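Below is one structure, written out as structure tokens; the observations come after it.
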Amino acid sequence: MKTKIIIADDHLLLADGLEQILNSVPDFEVIAKVANGKLLIQVLNTIVPDLILLDINMPYMNGLEAAKEIGRRMPDIKIVFLSMYFDAKLIASAKENGVKGFILKDIIAPLLKEKLIHVANGGTCFDLPFPQTSTEPVWQQDDFANNLKLSPREIEIIK
């Protein structure tokens with residue numbers, strides 16, 4: 001029996017690539033892709049996956065909010081965050097909401113497959129955070145955002 005997976009990521013090219021990678025695993029089947037947390041919650045009214053690969057930073061409803069809602073309504077679904085944002089607070093929040101894994105987006109495909117197989121089989125996988133030299137959350141240390149000279153309020157609005 002195949003592990004049914006939904007990919008929730010607002011970067012469509014990344015979602016397409018993930019779908020190809022995951023469908024290459026004989027025991028995996030991607031059954032849906034969505035671009036935000038709100039669509040994910042809607043899709044769960046008609047499709048029930050075994051595992052959700054979930055981005056954190058998405059429009060309309062972010063991954064943390066979606067994970068909390070899914071955990072409340074459908075606690076048997078395994079959720080793994082796949083994100084470029086990485087710090088101890090995000091990992092702690094993920095664990096508090098019953099998330100089974102937290103993986104950085106810079107992972108290589110064979111290792112991603114291995115970690116997701118482990119989660120599908122009942123395990124967990126939480127990458128350890130890098131030691132931070134700044135007290136700012138990692139997503140506020142983004143070079144691209146810093147080059148734009150965005151104010152804290154502008155960053156909040158973008159989120």
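Convention: chains lettered A, B, ... in structure tokens order; per-chain residue numbering from 1; ligands numbered from 1 as shown.
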Could you give me, as an NGL selection string, the residues within 10 Å of stretch 45-60 of chain A, counting only C-alpha atoms and dropping anything in the same chain fewer than 6 positions from it? :A and (2-11 or 15 or 18 or 28-39 or 66-67 or 70 or 74 or 76-85 or 90 or 94 or 99-105 or 116 or 119-120 or 139 or 158-159)
Secondary structure check, strand (DSSP E or B) residues of stretch 31-115 of chain A, as number ranges by chain: A: 31-34, 51-54, 78-83, 101-104
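Our summary of the geometry notes that atom CA of A:Asn97 is positioned 28.3 Å from atom CA of A:Gln20.
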What are the DSSP alpha helix (DSSP H) residues of stretch 13-141 of chain A, as a compact mmCIF listing (two decimals) with C-alpha atoms, in the first residue's frame?
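Below is the file that was written, part-v5.txt:
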```txt
# COMPACT_ATOMS: atom_id res chain seq x y z
CA LEU A 13 8.40 24.83 -9.55
CA LEU A 14 9.61 23.42 -6.23
CA ALA A 15 6.31 21.59 -5.71
CA ASP A 16 6.56 20.06 -9.21
CA GLY A 17 10.14 18.95 -8.52
CA LEU A 18 9.14 17.45 -5.17
CA GLU A 19 6.31 15.59 -6.86
CA GLN A 20 8.71 14.01 -9.36
CA ILE A 21 11.18 13.08 -6.60
CA LEU A 22 8.50 11.55 -4.38
CA ASN A 23 6.72 9.69 -7.17
CA GLY A 37 -2.52 26.54 3.90
CA LYS A 38 -6.09 27.63 3.24
CA LEU A 39 -6.29 25.48 0.09
CA LEU A 40 -4.72 22.61 2.00
CA ILE A 41 -7.47 22.71 4.63
CA GLN A 42 -10.11 22.80 1.86
CA VAL A 43 -8.55 19.84 0.03
CA GLY A 63 2.25 26.25 7.54
CA LEU A 64 2.26 26.65 11.33
CA GLU A 65 -1.39 27.70 11.34
CA ALA A 66 -2.32 24.92 8.92
CA ALA A 67 -0.47 22.29 10.99
CA LYS A 68 -2.29 23.41 14.13
CA GLU A 69 -5.68 23.14 12.39
CA ILE A 70 -4.86 19.76 10.83
CA GLY A 71 -3.58 18.42 14.15
CA ARG A 72 -6.82 19.46 15.82
CA ARG A 73 -9.09 17.98 13.14
CA ALA A 88 14.84 26.34 17.56
CA LYS A 89 11.56 28.23 18.10
CA LEU A 90 10.12 26.97 14.81
CA ILE A 91 11.12 23.41 15.63
CA ALA A 92 9.63 23.68 19.13
CA SER A 93 6.38 25.07 17.70
CA ALA A 94 6.27 22.26 15.15
CA LYS A 95 6.72 19.62 17.85
CA GLU A 96 4.04 21.23 20.04
CA ALA A 109 16.82 14.21 -2.94
CA PRO A 110 18.12 10.82 -1.70
CA LEU A 111 18.26 12.06 1.90
CA LEU A 112 14.78 13.62 1.62
CA LYS A 113 13.40 10.29 0.42
CA GLU A 114 15.12 8.47 3.28
CA LYS A 115 13.75 10.86 5.92
CA LEU A 116 10.20 10.73 4.54
CA ILE A 117 10.26 6.93 4.42
CA HIS A 118 11.34 7.00 8.07
CA VAL A 119 8.41 9.29 8.99
CA ALA A 120 5.95 7.24 6.92
```
